[in-house]
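Novice: Sharing protein.txt (compact mmCIF, C-alpha atoms) below.
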```txt
# COMPACT_ATOMS: atom_id res chain seq x y z
CA MET A 15 -6.59 12.06 -23.50
CA GLY A 16 -4.21 9.13 -23.75
CA SER A 17 -0.67 9.34 -25.06
CA ALA A 18 0.11 5.78 -26.14
CA ILE A 19 -1.47 2.89 -28.04
CA SER A 20 -1.37 -0.58 -26.47
CA LYS A 21 -2.51 -2.54 -29.51
CA VAL A 22 -4.21 -2.33 -32.91
CA GLU A 23 -6.75 -4.87 -34.11
CA LEU A 24 -7.29 -5.26 -37.89
CA GLU A 25 -10.49 -7.04 -38.87
CA VAL A 26 -10.33 -8.71 -42.30
CA GLY A 27 -12.77 -10.79 -44.33
CA ALA A 28 -12.35 -12.90 -47.44
CA ALA A 29 -9.46 -12.84 -49.90
CA SER A 30 -10.70 -13.60 -53.42
CA ASP A 31 -8.18 -15.29 -55.72
CA ILE A 32 -5.38 -13.63 -53.78
CA THR A 33 -2.85 -15.35 -51.54
CA VAL A 34 -1.85 -13.00 -48.72
CA ASN A 35 1.64 -13.95 -47.63
CA SER A 36 1.80 -11.53 -44.69
CA THR A 37 0.33 -8.32 -43.29
CA LYS A 38 2.58 -5.59 -41.92
CA LEU A 39 1.70 -2.61 -39.74
CA ILE A 40 4.09 0.32 -40.15
CA VAL A 41 4.16 3.14 -37.58
CA ALA A 42 5.84 6.44 -38.48
CA SER A 43 6.14 9.92 -37.06
CA ASP A 44 5.34 11.61 -40.41
CA ALA A 45 2.65 11.26 -43.06
CA SER A 46 5.23 10.41 -45.76
CA PHE A 47 6.52 7.50 -43.68
CA ASN A 48 10.10 8.68 -43.98
CA ASN A 49 10.74 8.27 -40.26
CA ILE A 50 9.54 4.77 -39.39
CA LEU A 51 9.20 4.09 -35.65
CA ASP A 52 8.15 0.43 -35.71
CA GLU A 53 7.12 -2.44 -38.03
CA VAL A 54 5.16 -5.50 -36.95
CA THR A 55 4.36 -8.40 -39.34
CA LYS A 56 1.56 -10.93 -38.86
CA THR A 57 0.46 -14.03 -40.73
CA PHE A 58 -2.76 -13.36 -42.63
CA SER A 59 -5.87 -15.41 -41.95
CA ALA A 60 -9.12 -14.68 -43.79
CA ASN A 61 -12.23 -13.78 -41.77
CA SER A 62 -10.25 -13.05 -38.62
CA THR A 63 -8.88 -10.29 -36.43
CA LEU A 64 -5.15 -9.63 -36.61
CA THR A 65 -3.66 -8.13 -33.45
CA PHE A 66 -0.57 -5.91 -33.59
CA THR A 67 1.35 -4.83 -30.48
CA PRO A 68 4.45 -2.62 -30.17
CA THR A 69 7.86 -4.23 -30.48
CA SER A 70 9.55 -4.46 -27.08
CA GLY A 71 11.15 -1.16 -26.15
CA THR A 72 8.99 0.94 -28.47
CA GLU A 73 5.88 3.03 -27.88
CA TRP A 74 3.12 3.94 -30.33
CA ALA A 75 1.78 7.45 -29.88
CA THR A 76 -1.82 8.39 -30.58
CA ASP A 77 -0.64 11.13 -32.95
CA ALA A 78 1.63 8.82 -34.98
CA TYR A 79 0.83 7.63 -38.53
CA TYR A 80 -0.23 4.03 -39.18
CA LYS A 81 -0.20 2.04 -42.48
CA PHE A 82 -1.08 -1.57 -43.32
CA VAL A 83 0.89 -3.29 -46.09
CA PHE A 84 -0.22 -6.61 -47.59
CA ASN A 85 2.30 -8.89 -49.29
CA VAL A 86 0.22 -10.81 -51.83
CA THR A 87 0.42 -13.31 -54.69
CA VAL A 88 -2.26 -12.78 -57.35
CA SER A 89 -3.60 -15.52 -59.61
CA GLY A 90 -5.77 -14.39 -62.52
CA THR A 91 -6.47 -10.93 -63.80
CA LYS A 92 -9.93 -9.83 -62.70
CA ASN A 93 -12.10 -9.37 -59.59
CA LYS A 94 -9.29 -9.78 -57.12
CA PHE A 95 -9.81 -8.28 -53.65
CA ILE A 96 -9.11 -8.44 -49.93
CA GLU A 97 -12.03 -7.53 -47.68
CA PHE A 98 -10.94 -4.93 -45.16
CA LYS A 99 -13.54 -4.39 -42.40
CA GLY A 100 -11.80 -1.88 -40.14
CA ALA A 101 -9.13 -1.24 -37.49
CA THR A 102 -9.52 -0.59 -33.76
CA PHE A 103 -6.89 1.30 -31.76
CA TYR A 104 -6.60 0.69 -28.01
CA LYS A 105 -5.05 3.19 -25.66
CA LEU A 106 -2.50 2.04 -23.11
CA SER A 107 -4.14 1.43 -19.74
CA GLY A 108 -3.13 4.05 -17.20
CA ASP A 109 -2.64 6.86 -19.69
CA ILE A 110 -5.39 8.81 -17.99
CA SER A 111 -4.15 10.41 -14.78
CA ALA A 112 -6.06 9.41 -11.68
CA PRO A 113 -8.01 12.15 -9.87
CA THR A 114 -6.81 13.67 -6.60
CA PHE A 115 -8.48 14.42 -3.26
CA ASP A 116 -7.83 17.70 -1.44
CA VAL A 117 -8.36 16.03 1.97
CA PRO A 118 -6.08 13.08 2.86
CA SER A 119 -7.26 9.98 4.71
CA GLY A 120 -7.79 10.48 8.42
CA ASN A 121 -10.16 11.79 11.05
CA VAL A 122 -12.47 14.57 9.90
CA SER A 123 -15.38 16.56 11.24
CA GLU A 124 -18.92 15.80 10.14
CA GLY A 125 -19.80 17.82 7.06
CA THR A 126 -16.25 17.99 5.72
CA THR A 127 -16.21 18.64 1.97
CA VAL A 128 -13.74 16.64 -0.12
CA THR A 129 -13.01 18.01 -3.59
CA ILE A 130 -12.12 15.45 -6.26
CA THR A 131 -10.19 16.93 -9.19
CA ALA A 132 -9.33 15.30 -12.52
CA ASP A 133 -7.54 16.64 -15.59
CA GLU A 134 -9.38 19.11 -17.80
CA GLY A 135 -11.90 17.44 -20.10
CA LEU A 136 -12.37 14.28 -18.02
CA TRP A 137 -15.40 13.13 -16.07
CA ILE A 138 -15.39 11.67 -12.56
CA SER A 139 -17.08 8.58 -11.15
CA TYR A 140 -16.92 7.82 -7.41
CA THR A 141 -18.35 5.64 -4.64
CA THR A 142 -18.56 6.17 -0.88
CA ASP A 143 -19.22 2.58 0.19
CA GLY A 144 -15.77 1.21 -0.65
CA THR A 145 -16.86 -0.49 -3.89
CA ASP A 146 -14.89 -0.19 -7.12
CA PRO A 147 -16.26 2.65 -9.31
CA LYS A 148 -15.00 0.78 -12.39
CA THR A 149 -17.36 -2.14 -11.84
CA THR A 150 -20.15 -1.30 -9.42
CA THR A 151 -23.50 0.01 -10.59
CA VAL A 152 -23.96 2.01 -7.38
CA LYS A 153 -21.86 5.08 -8.11
CA GLN A 154 -22.04 8.80 -8.77
CA TRP A 155 -21.19 10.42 -12.11
CA VAL A 156 -20.01 13.99 -12.54
CA THR A 157 -19.82 15.23 -16.11
CA ASN A 158 -16.94 17.61 -15.49
CA ASN A 159 -13.49 17.35 -13.91
CA VAL A 160 -14.41 18.54 -10.39
CA ALA A 161 -16.68 16.78 -7.88
CA LYS A 162 -17.47 17.73 -4.29
CA VAL A 163 -18.38 15.08 -1.72
CA ILE A 164 -19.70 15.92 1.77
CA ILE A 165 -18.51 13.44 4.41
CA ASN A 166 -21.16 12.96 7.10
CA ASN A 167 -20.29 9.41 8.13
CA THR A 168 -17.19 7.25 8.30
CA CYS A 169 -16.58 5.96 4.78
CA THR A 170 -14.09 4.94 2.11
CA LEU A 171 -14.18 7.22 -0.92
CA LYS A 172 -13.00 5.75 -4.24
CA ALA A 173 -12.84 7.60 -7.55
CA ILE A 174 -11.72 7.29 -11.17
CA ALA A 175 -11.35 9.71 -14.06
CA ILE A 176 -13.05 8.86 -17.37
CA ASP A 177 -12.48 10.03 -20.91
CA PRO A 178 -16.07 10.78 -22.07
CA GLU A 179 -15.20 10.33 -25.73
CA GLU A 180 -13.44 6.97 -25.62
CA LEU A 181 -14.57 5.81 -22.15
CA ASP A 182 -11.00 5.03 -21.08
CA LYS A 183 -10.65 4.94 -17.29
CA SER A 184 -7.88 5.86 -14.87
CA GLU A 185 -6.66 3.78 -11.97
CA VAL A 186 -8.75 3.86 -8.78
CA VAL A 187 -7.70 6.23 -5.99
CA GLU A 188 -9.13 6.02 -2.50
CA ALA A 189 -9.16 7.61 0.93
CA THR A 190 -10.80 6.57 4.19
CA TYR A 191 -12.42 9.24 6.36
CA THR A 192 -13.41 8.69 9.97
CA VAL A 193 -16.00 11.14 11.25
CA ALA A 194 -15.50 12.31 14.82
CA GLY A 195 -18.03 10.76 17.18
CA SER A 196 -18.43 7.50 15.24
CA GLU A 197 -16.88 4.29 16.51
CA GLN A 198 -13.92 2.97 14.58
CA VAL A 199 -12.22 -0.43 14.78
CA VAL A 200 -8.47 -0.01 15.26
CA PHE A 201 -5.55 -2.03 16.58
CA GLU A 202 -3.52 -0.57 19.46
CA ILE A 203 0.02 -1.60 20.30
CA VAL A 204 0.29 -3.83 23.36
CA THR A 205 2.90 -2.60 25.83
CA ASP A 206 2.37 -5.13 28.64
CA ALA A 207 2.00 -8.88 28.07
CA SER A 208 0.09 -9.26 31.34
CA SER A 209 -2.76 -7.18 29.87
CA LEU A 210 -3.50 -9.87 27.27
CA ASN A 211 -6.58 -12.00 27.83
CA ALA A 212 -8.22 -15.00 26.21
CA GLY A 213 -10.55 -13.76 23.50
CA ASP A 214 -8.37 -10.80 22.53
CA GLU A 215 -8.03 -10.33 18.79
CA ILE A 216 -4.50 -9.38 17.78
CA VAL A 217 -2.30 -8.85 14.74
CA LEU A 218 1.47 -9.27 14.51
CA VAL A 219 3.49 -6.46 12.94
CA SER A 220 7.10 -5.77 12.00
CA HIS A 221 8.89 -3.68 9.37
CA HIS A 222 11.32 -3.65 6.47
CA ASP A 223 13.04 -0.35 5.71
CA TYR A 224 10.24 2.23 5.92
CA THR A 225 7.25 -0.06 5.41
CA LEU A 226 5.19 -1.81 8.09
CA TYR A 227 4.19 -5.43 7.50
CA ALA A 228 1.48 -7.41 9.27
CA MET A 229 1.07 -11.17 9.23
CA GLY A 230 -1.17 -12.29 6.37
CA GLU A 231 -2.33 -15.52 4.76
CA GLN A 232 -0.86 -18.95 5.29
CA LYS A 233 1.66 -20.07 2.66
CA THR A 234 3.02 -23.60 2.42
CA ASN A 235 5.58 -23.23 5.23
CA ASN A 236 5.15 -19.69 6.55
CA ARG A 237 2.88 -16.67 6.65
CA ALA A 238 2.95 -13.82 4.15
CA GLY A 239 3.78 -10.25 5.14
CA VAL A 240 1.12 -7.70 4.16
CA ALA A 241 2.41 -4.18 3.50
CA LEU A 242 0.46 -1.57 5.48
CA ALA A 243 -0.32 2.00 4.52
CA ASP A 244 0.14 3.22 8.11
CA GLU A 245 2.93 5.73 8.62
CA PHE A 246 6.33 4.41 9.73
CA LYS A 247 9.04 7.04 9.91
CA GLY A 248 12.30 7.34 11.78
CA GLY A 249 11.94 3.87 13.30
CA LEU A 250 8.78 4.89 15.21
CA TYR A 251 5.86 2.47 15.29
CA PRO A 252 2.39 4.06 15.43
CA THR A 253 0.34 3.49 18.57
CA GLN A 254 -2.66 2.54 16.44
CA LEU A 255 -3.17 0.75 13.13
CA ALA A 256 -6.20 0.95 10.87
CA SER A 257 -8.20 -2.20 10.17
CA ASN A 258 -7.08 -4.12 7.06
CA ASN A 259 -8.99 -6.98 5.41
CA ASP A 260 -5.81 -8.68 4.15
CA VAL A 261 -4.27 -9.06 7.61
CA ALA A 262 -4.60 -12.28 9.65
CA ILE A 263 -6.55 -11.56 12.83
CA ILE A 264 -5.50 -13.95 15.60
CA THR A 265 -7.81 -14.85 18.50
CA LEU A 266 -5.97 -15.66 21.72
CA GLU A 267 -7.01 -18.83 23.52
CA GLY A 268 -5.56 -20.39 26.67
CA SER A 269 -3.62 -18.36 29.23
CA SER A 270 -0.25 -16.68 29.77
CA THR A 271 1.44 -20.02 30.50
CA ALA A 272 0.29 -21.49 27.18
CA TRP A 273 -1.31 -19.18 24.64
CA ASN A 274 -2.83 -20.61 21.47
CA PHE A 275 -3.11 -18.49 18.32
CA LYS A 276 -6.37 -19.33 16.53
CA VAL A 277 -6.52 -18.03 12.98
CA ASP A 278 -8.39 -19.02 9.81
CA GLY A 279 -10.10 -21.89 11.61
CA GLY A 280 -6.85 -23.46 12.85
CA TYR A 281 -3.92 -22.86 15.19
CA LEU A 282 -0.42 -21.56 14.48
CA TYR A 283 2.41 -23.86 15.53
CA ALA A 284 6.18 -24.28 15.24
CA ALA A 285 6.40 -27.09 12.70
CA SER A 286 10.05 -28.17 12.49
CA SER A 287 13.44 -28.51 14.16
CA SER A 288 15.34 -28.56 10.87
CA SER A 289 13.51 -25.89 8.82
CA ASN A 290 12.06 -22.45 9.52
CA TYR A 291 8.40 -23.42 9.38
CA LEU A 292 5.28 -21.76 10.77
CA LYS A 293 2.14 -23.69 9.88
CA THR A 294 -1.52 -23.97 10.81
CA GLU A 295 -3.05 -27.14 12.25
CA ASN A 296 -6.73 -27.95 12.71
CA ALA A 297 -6.47 -28.64 16.45
CA VAL A 298 -3.92 -28.01 19.20
CA ASP A 299 -1.56 -31.00 19.19
CA ALA A 300 -0.65 -32.96 22.30
CA ASP A 301 3.07 -32.18 21.88
CA GLY A 302 2.55 -28.52 22.76
CA ASN A 303 3.91 -27.17 19.48
CA ALA A 304 0.95 -24.77 19.27
CA ASN A 305 1.37 -23.51 22.85
CA ALA A 306 3.30 -20.27 23.20
CA THR A 307 4.50 -17.77 25.77
CA ILE A 308 4.59 -14.02 25.16
CA THR A 309 7.03 -11.55 26.69
CA ILE A 310 6.96 -7.82 25.88
CA SER A 311 9.96 -5.70 26.81
CA GLY A 312 11.62 -2.33 26.34
CA ASP A 313 10.38 1.06 25.24
CA GLU A 314 9.91 -0.33 21.75
CA HIS A 315 7.49 -3.00 23.06
CA ASN A 316 9.20 -5.89 21.30
CA ALA A 317 7.22 -9.11 21.67
CA ALA A 318 9.12 -12.39 22.14
CA ILE A 319 6.77 -15.19 21.08
CA GLU A 320 8.16 -18.65 21.82
CA PHE A 321 6.33 -21.87 21.07
CA GLN A 322 6.69 -24.80 23.43
CA GLY A 323 6.89 -28.44 22.41
CA ASN A 324 9.73 -30.44 20.92
CA ASN A 325 10.56 -28.45 17.77
CA THR A 326 13.59 -26.26 18.31
CA ARG A 327 12.84 -23.62 15.66
CA LYS A 328 10.12 -22.05 17.76
CA ASN A 329 10.63 -18.27 17.93
CA LEU A 330 7.99 -16.49 15.86
CA LYS A 331 9.72 -13.63 14.05
CA PHE A 332 9.72 -11.59 10.86
CA ASN A 333 12.11 -12.30 8.01
CA ASN A 334 12.58 -8.80 6.58
CA THR A 335 14.59 -10.08 3.61
CA ASN A 336 11.73 -12.15 2.24
CA GLU A 337 8.98 -10.20 4.04
CA LEU A 338 7.37 -13.19 5.75
CA PHE A 339 6.59 -14.47 9.25
CA SER A 340 7.92 -17.84 10.39
CA CYS A 341 9.66 -19.69 13.25
CA TYR A 342 13.41 -19.59 13.85
CA ALA A 343 15.97 -20.92 16.30
CA SER A 344 17.72 -17.53 16.41
CA GLY A 345 18.12 -14.28 14.51
CA GLN A 346 15.49 -12.45 12.43
CA GLN A 347 13.41 -9.50 13.57
CA THR A 348 11.06 -9.26 16.55
CA VAL A 349 7.40 -8.40 16.17
CA LYS A 350 4.95 -6.05 17.84
CA ILE A 351 1.49 -7.10 18.97
CA TYR A 352 -1.50 -4.88 18.20
CA ARG A 353 -4.87 -5.59 19.86
CA LYS A 354 -8.26 -4.93 18.29
CA THR A 355 -10.33 -2.26 19.99
CA THR A 356 -12.84 0.45 19.17
CA THR A 357 -12.31 4.14 19.53
CA THR A 358 -14.30 7.31 19.05
CA PRO A 359 -11.83 9.52 17.20
CA GLN A 360 -11.66 13.27 17.06
CA PRO A 361 -10.38 15.33 14.14
CA ASP A 362 -6.61 15.07 14.01
CA ALA A 363 -4.78 17.59 16.15
CA PRO A 364 -1.78 19.24 14.51
CA VAL A 365 1.58 17.54 15.02
CA ILE A 366 4.55 19.84 15.55
CA TRP A 367 8.21 18.79 15.39
CA MET A 368 10.89 20.96 17.06
CA THR A 369 14.57 20.65 17.99
CA TYR A 370 15.61 21.88 21.43
CA SER A 371 18.24 21.86 24.12
CA SER A 372 17.86 23.06 27.70
CA ASP A 373 20.16 24.33 30.43
CA ASN A 374 18.32 22.02 32.89
CA ASP A 375 17.76 18.29 32.94
CA LEU A 376 14.39 17.39 31.36
CA ASP A 377 12.02 14.56 32.27
CA PHE A 378 9.37 13.50 29.75
CA THR A 379 8.15 10.46 31.75
CA GLY A 380 4.38 10.11 31.56
CA LYS A 381 3.92 13.06 29.19
CA THR A 382 1.08 12.57 26.71
CA ASP A 383 1.05 15.81 24.74
CA TYR A 384 4.67 15.57 23.62
CA THR A 385 7.47 13.02 23.23
CA ALA A 386 11.24 13.50 23.10
CA TYR A 387 13.62 11.71 20.74
CA ILE A 388 17.36 11.62 20.09
CA ALA A 389 19.00 10.83 16.78
CA THR A 390 20.60 7.38 16.91
CA ASN A 391 21.55 7.00 13.28
CA TYR A 392 21.87 9.10 10.15
CA ARG A 393 21.82 7.60 6.66
CA ALA A 394 23.36 10.34 4.60
CA GLU A 395 22.82 8.65 1.25
CA GLU A 396 19.05 8.48 1.96
CA GLY A 397 18.71 11.72 3.90
CA VAL A 398 17.08 9.81 6.79
CA VAL A 399 17.50 10.40 10.52
CA VAL A 400 16.58 7.43 12.76
CA LEU A 401 15.02 8.59 16.05
CA THR A 402 14.83 6.80 19.42
CA LYS A 403 12.45 7.80 22.20
CA ILE A 404 14.03 9.20 25.36
CA GLU A 405 12.41 10.22 28.66
CA LYS A 406 15.23 11.64 30.81
CA VAL A 407 17.35 14.18 28.96
CA PRO A 408 20.58 15.64 30.45
CA ASN A 409 21.10 19.38 30.17
CA GLY A 410 22.65 20.55 26.94
CA GLU A 411 21.56 17.46 24.98
CA GLY A 412 20.03 18.21 21.60
CA ILE A 413 16.65 16.53 21.21
CA MET A 414 13.72 16.47 18.82
CA ILE A 415 10.26 16.97 20.31
CA ARG A 416 7.05 15.71 18.74
CA GLN A 417 4.07 17.67 20.07
CA ARG A 418 0.44 16.71 19.57
CA PRO A 419 -1.58 18.85 22.02
CA SER A 420 -4.64 17.27 23.62
CA ARG A 421 -7.95 19.00 22.94
CA THR A 422 -8.52 19.82 26.59
CA SER A 423 -5.08 21.24 27.20
CA SER A 424 -3.94 24.73 26.34
CA LYS A 425 -0.52 24.19 27.86
CA ASN A 426 2.43 25.08 25.67
CA LEU A 427 5.53 22.99 26.17
CA MET A 428 7.85 25.93 25.54
CA SER A 429 9.56 27.42 28.58
CA PRO A 430 12.05 30.26 29.01
CA ARG A 431 14.84 27.76 29.68
CA MET A 432 14.37 25.95 26.39
CA SER A 433 15.83 27.22 23.17
CA PRO A 434 16.03 25.97 19.59
CA SER A 435 19.22 24.02 19.02
CA PRO A 436 20.79 22.05 16.19
CA LEU A 437 20.19 18.33 16.62
CA ARG A 438 23.51 16.56 17.09
CA LEU A 439 23.79 13.54 14.83
CA PRO A 440 25.99 10.48 15.44
CA LYS A 441 29.06 10.12 13.29
CA CYS A 442 28.67 7.74 10.38
CA SER A 443 31.45 5.76 8.77
```
So that I can check it, write out the structure of this file as structure tokens.

Specialist:
Amino acid sequence: MGSAISKVELEVGAASDITVNSTKLIVASDASFNNILDEVTKTFSANSTLTFTPTSGTEWATDAYYKFVFNVTVSGTKNKFIEFKGATFYKLSGDISAPTFDVPSGNVSEGTTVTITADEGLWISYTTDGTDPKTTTVKQWVTNNVAKVIINNTCTLKAIAIDPEELDKSEVVEATYTVAGSEQVVFEIVTDASSLNAGDEIVLVSHHDYTLYAMGEQKTNNRAGVALADEFKGGLYPTQLASNNDVAIITLEGSSTAWNFKVDGGYLYAASSSSNYLKTENAVDADGNANATITISGDEHNAAIEFQGNNTRKNLKFNNTNELFSCYASGQQTVKIYRKTTTTPQPDAPVIWMTYSSDNDLDFTGKTDYTAYIATNYRAEEGVVVLTKIEKVPNGEGIMIRQRPSRTSSKNLMSPRMSPSPLRLPKCS
């Protein structure tokens, strides 16, 4: 099923009364070797395996023609030979297309059937416990290119496609399904700093372009940013984030006048006045460098985290150029705080986007089924509109409405005074 060869191994034995100066592999597109695609020469060594790989910038196809040429010096006239034991061809990893799922990750009803489909002629191997189907012994095999999996409990489904003839494997694909009625650990955005309590488990999140990043492992002088799979579009942060094993989970200790961030068995602290350092110490120091205050402001719920103590570079922020978290005297990007909680999800309700204007003023304050946005920027070269939430809308203003109806509400947001309208975009230089 593959389309390219990654390497060729030639196994050779003894060379009797023959000096082999070199061994060359010639790759051509025709059996007469008139159109040579590549040549690779190796030094011969008896009773060994010679490995040939494509010259940089070239690719060896599985349907190409291959020939070994030995440059030899012969001494004597009889019983001269080179022992040739065989050649092994290896396909390029990733040639086999990964299978696909017909149901994306998300909340599903109990009994939902997920169909896994691979290319014709391939087999499928999958797991439902989150383990790698390439390595685990606890997996399911399907000896055709379609498999159906019934989701009765919250699980992570992982699958690969396999060439049954050569046992080459595709990359692993995965999806996580949360069954309605089962508890799920999530992280919800914190909108009010006064709601934080000692013992809360939190993660710190920011973004670069259209990717969310959460604080990860400790590096020498800062903390890594971990890219998240959660959706981030139009400058809108999600209200909830899925759990992620690579993210640093911080336990709050202390109180609002002096919070301590306990993580990985130590405490975060602002470590310098001359460099942008965020480090972890074993215990809270007496200088207060590990004590911090938290302020959350604005509709975007930006969290200002400022360490106390003597070090002047003490504002915990996200460096979106290098995609890391550290402490700064000024500049850099603010973070959001998400708090660990459990929820009992329901199957996802449909999300509807509409553009409207009205001949009356509109007030979306406190609305839960729908949210209004205005366009605050337009990047023409990327085809991206940046949206900002708005609650009070003057009449005639073009807005975009995001509607996710609650399951107990049959109310439709449309009214006779509202009509579809082009969304007015700001001028761009």

Novice: Need the neighbours of (-13.9, -7.5, 22.8): which residues are at most 12 Å away, counting only C-alpha atoms, as JSON, numbers by chain?

Specialist: {"A": [199, 200, 201, 210, 211, 212, 213, 214, 215, 216, 265, 266, 353, 354, 355, 356]}

Novice: Please provide as a list in words all residues within 12 Å of Asp44 of chain A, with the sequence filter that same-chain residues fewer than 2 positions apart are discarded (counting all atoms listed in the file).

Specialist: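 In the requested form, the answer reads Ile40, Val41, Ala42, Ser46, Phe47, Asn48, Asn49, Ile50, Leu51, Ala75, Asp77, Ala78, Tyr79, Tyr80 and Lys81 of chain A.
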
Novice: Those selected residues, please, written with C-alpha atoms and delivered as a PDB file, keeping the file's coordinate frame.

Specialist:
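Printed below is selection.pdb as written:
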```pdb
ATOM      1  CA  ILE A  40       4.090   0.320 -40.150  1.00  0.00           C
ATOM      2  CA  VAL A  41       4.160   3.140 -37.580  1.00  0.00           C
ATOM      3  CA  ALA A  42       5.840   6.440 -38.480  1.00  0.00           C
ATOM      4  CA  SER A  46       5.230  10.410 -45.760  1.00  0.00           C
ATOM      5  CA  PHE A  47       6.520   7.500 -43.680  1.00  0.00           C
ATOM      6  CA  ASN A  48      10.100   8.680 -43.980  1.00  0.00           C
ATOM      7  CA  ASN A  49      10.740   8.270 -40.260  1.00  0.00           C
ATOM      8  CA  ILE A  50       9.540   4.770 -39.390  1.00  0.00           C
ATOM      9  CA  LEU A  51       9.200   4.090 -35.650  1.00  0.00           C
ATOM     10  CA  ALA A  75       1.780   7.450 -29.880  1.00  0.00           C
ATOM     11  CA  ASP A  77      -0.640  11.130 -32.950  1.00  0.00           C
ATOM     12  CA  ALA A  78       1.630   8.820 -34.980  1.00  0.00           C
ATOM     13  CA  TYR A  79       0.830   7.630 -38.530  1.00  0.00           C
ATOM     14  CA  TYR A  80      -0.230   4.030 -39.180  1.00  0.00           C
ATOM     15  CA  LYS A  81      -0.200   2.040 -42.480  1.00  0.00           C
TER      16      LYS A  81
END
```

Novice: Give the answer as one residue: which of A:Asp182, A:Asn167, A:Gly125, A:Pro118 has the shortest atom-to-atom distance to Ile138 of chain A, using all atoms listed in the file?

Specialist: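 For Ile138 of chain A, the nearest of the given residues is A:Asp182.
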
Novice: Considering all atoms listed in the file, can you say which of A:Asn305, A:Thr205, A:Asn391, A:Asn85 comes closest to Glu267 of chain A?

Specialist: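 Closest to Glu267 of chain A, using all atoms listed in the file: A:Asn305.
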
Novice: Of the candidates A:Arg416, A:Leu338, A:Phe115, A:Trp155, which one gets nearest to Asp383 of chain A if we count all atoms listed in the file?

Specialist: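 Among A:Arg416, A:Leu338, A:Phe115, A:Trp155, it is A:Arg416 that comes nearest to Asp383 of chain A.
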
Novice: Taking 5 positions as the minimum chain separation for residues in the same chain, which residues sit within 7 Å of Asp375 of chain A when counting all atoms listed in the file? Answer as a list of chain:residue names.

Specialist: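 Counting only the stated atoms, we get A:Val407, A:Pro408, A:Asn409.
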
Novice: Can you tell me how far atom CA of Cys341 of chain A sits from atom CA of Gly323 of chain A, in Å to one decimal?

Specialist: 13.0 Å

Novice: For N, CA, C and O atoms, please extract segment 252-262 of chain A from the block and return it as a PDB file, in the first residue's frame.

Specialist:
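Below you can see decode-v7.pdb, which holds the result:
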```
ATOM      1  N   PRO A 252     -12.748  29.528  25.027  1.00  0.00           N
ATOM      2  CA  PRO A 252     -13.846  28.652  25.441  1.00  0.00           C
ATOM      3  C   PRO A 252     -14.111  28.817  26.930  1.00  0.00           C
ATOM      4  O   PRO A 252     -13.221  29.175  27.704  1.00  0.00           O
ATOM      5  N   THR A 253     -15.335  28.536  27.352  1.00  0.00           N
ATOM      6  CA  THR A 253     -15.652  28.603  28.775  1.00  0.00           C
ATOM      7  C   THR A 253     -15.118  27.394  29.519  1.00  0.00           C
ATOM      8  O   THR A 253     -14.906  27.450  30.729  1.00  0.00           O
ATOM      9  N   GLN A 254     -14.898  26.285  28.802  1.00  0.00           N
ATOM     10  CA  GLN A 254     -14.367  25.079  29.417  1.00  0.00           C
ATOM     11  C   GLN A 254     -13.221  24.523  28.583  1.00  0.00           C
ATOM     12  O   GLN A 254     -13.201  24.669  27.363  1.00  0.00           O
ATOM     13  N   LEU A 255     -12.274  23.884  29.266  1.00  0.00           N
ATOM     14  CA  LEU A 255     -11.182  23.179  28.612  1.00  0.00           C
ATOM     15  C   LEU A 255     -11.180  21.726  29.064  1.00  0.00           C
ATOM     16  O   LEU A 255     -11.471  21.438  30.230  1.00  0.00           O
ATOM     17  N   ALA A 256     -10.858  20.836  28.144  1.00  0.00           N
ATOM     18  CA  ALA A 256     -10.741  19.423  28.499  1.00  0.00           C
ATOM     19  C   ALA A 256      -9.479  19.198  29.313  1.00  0.00           C
ATOM     20  O   ALA A 256      -8.515  19.956  29.245  1.00  0.00           O
ATOM     21  N   SER A 257      -9.483  18.133  30.123  1.00  0.00           N
ATOM     22  CA  SER A 257      -8.308  17.765  30.902  1.00  0.00           C
ATOM     23  C   SER A 257      -7.179  17.352  29.968  1.00  0.00           C
ATOM     24  O   SER A 257      -7.402  16.771  28.912  1.00  0.00           O
ATOM     25  N   ASN A 258      -5.923  17.661  30.360  1.00  0.00           N
ATOM     26  CA  ASN A 258      -4.763  17.371  29.524  1.00  0.00           C
ATOM     27  C   ASN A 258      -3.604  16.978  30.433  1.00  0.00           C
ATOM     28  O   ASN A 258      -3.211  17.729  31.321  1.00  0.00           O
ATOM     29  N   ASN A 259      -3.033  15.786  30.213  1.00  0.00           N
ATOM     30  CA  ASN A 259      -1.995  15.265  31.097  1.00  0.00           C
ATOM     31  C   ASN A 259      -0.686  16.038  31.018  1.00  0.00           C
ATOM     32  O   ASN A 259       0.157  15.928  31.910  1.00  0.00           O
ATOM     33  N   ASP A 260      -0.471  16.804  29.951  1.00  0.00           N
ATOM     34  CA  ASP A 260       0.784  17.530  29.780  1.00  0.00           C
ATOM     35  C   ASP A 260       0.768  18.912  30.426  1.00  0.00           C
ATOM     36  O   ASP A 260       1.788  19.605  30.460  1.00  0.00           O
ATOM     37  N   VAL A 261      -0.383  19.319  30.928  1.00  0.00           N
ATOM     38  CA  VAL A 261      -0.545  20.660  31.494  1.00  0.00           C
ATOM     39  C   VAL A 261      -0.210  20.645  32.985  1.00  0.00           C
ATOM     40  O   VAL A 261      -0.530  19.693  33.698  1.00  0.00           O
ATOM     41  N   ALA A 262       0.440  21.707  33.465  1.00  0.00           N
ATOM     42  CA  ALA A 262       0.763  21.842  34.890  1.00  0.00           C
ATOM     43  C   ALA A 262      -0.481  22.262  35.659  1.00  0.00           C
ATOM     44  O   ALA A 262      -1.050  23.327  35.406  1.00  0.00           O
TER      45      ALA A 262
END
```
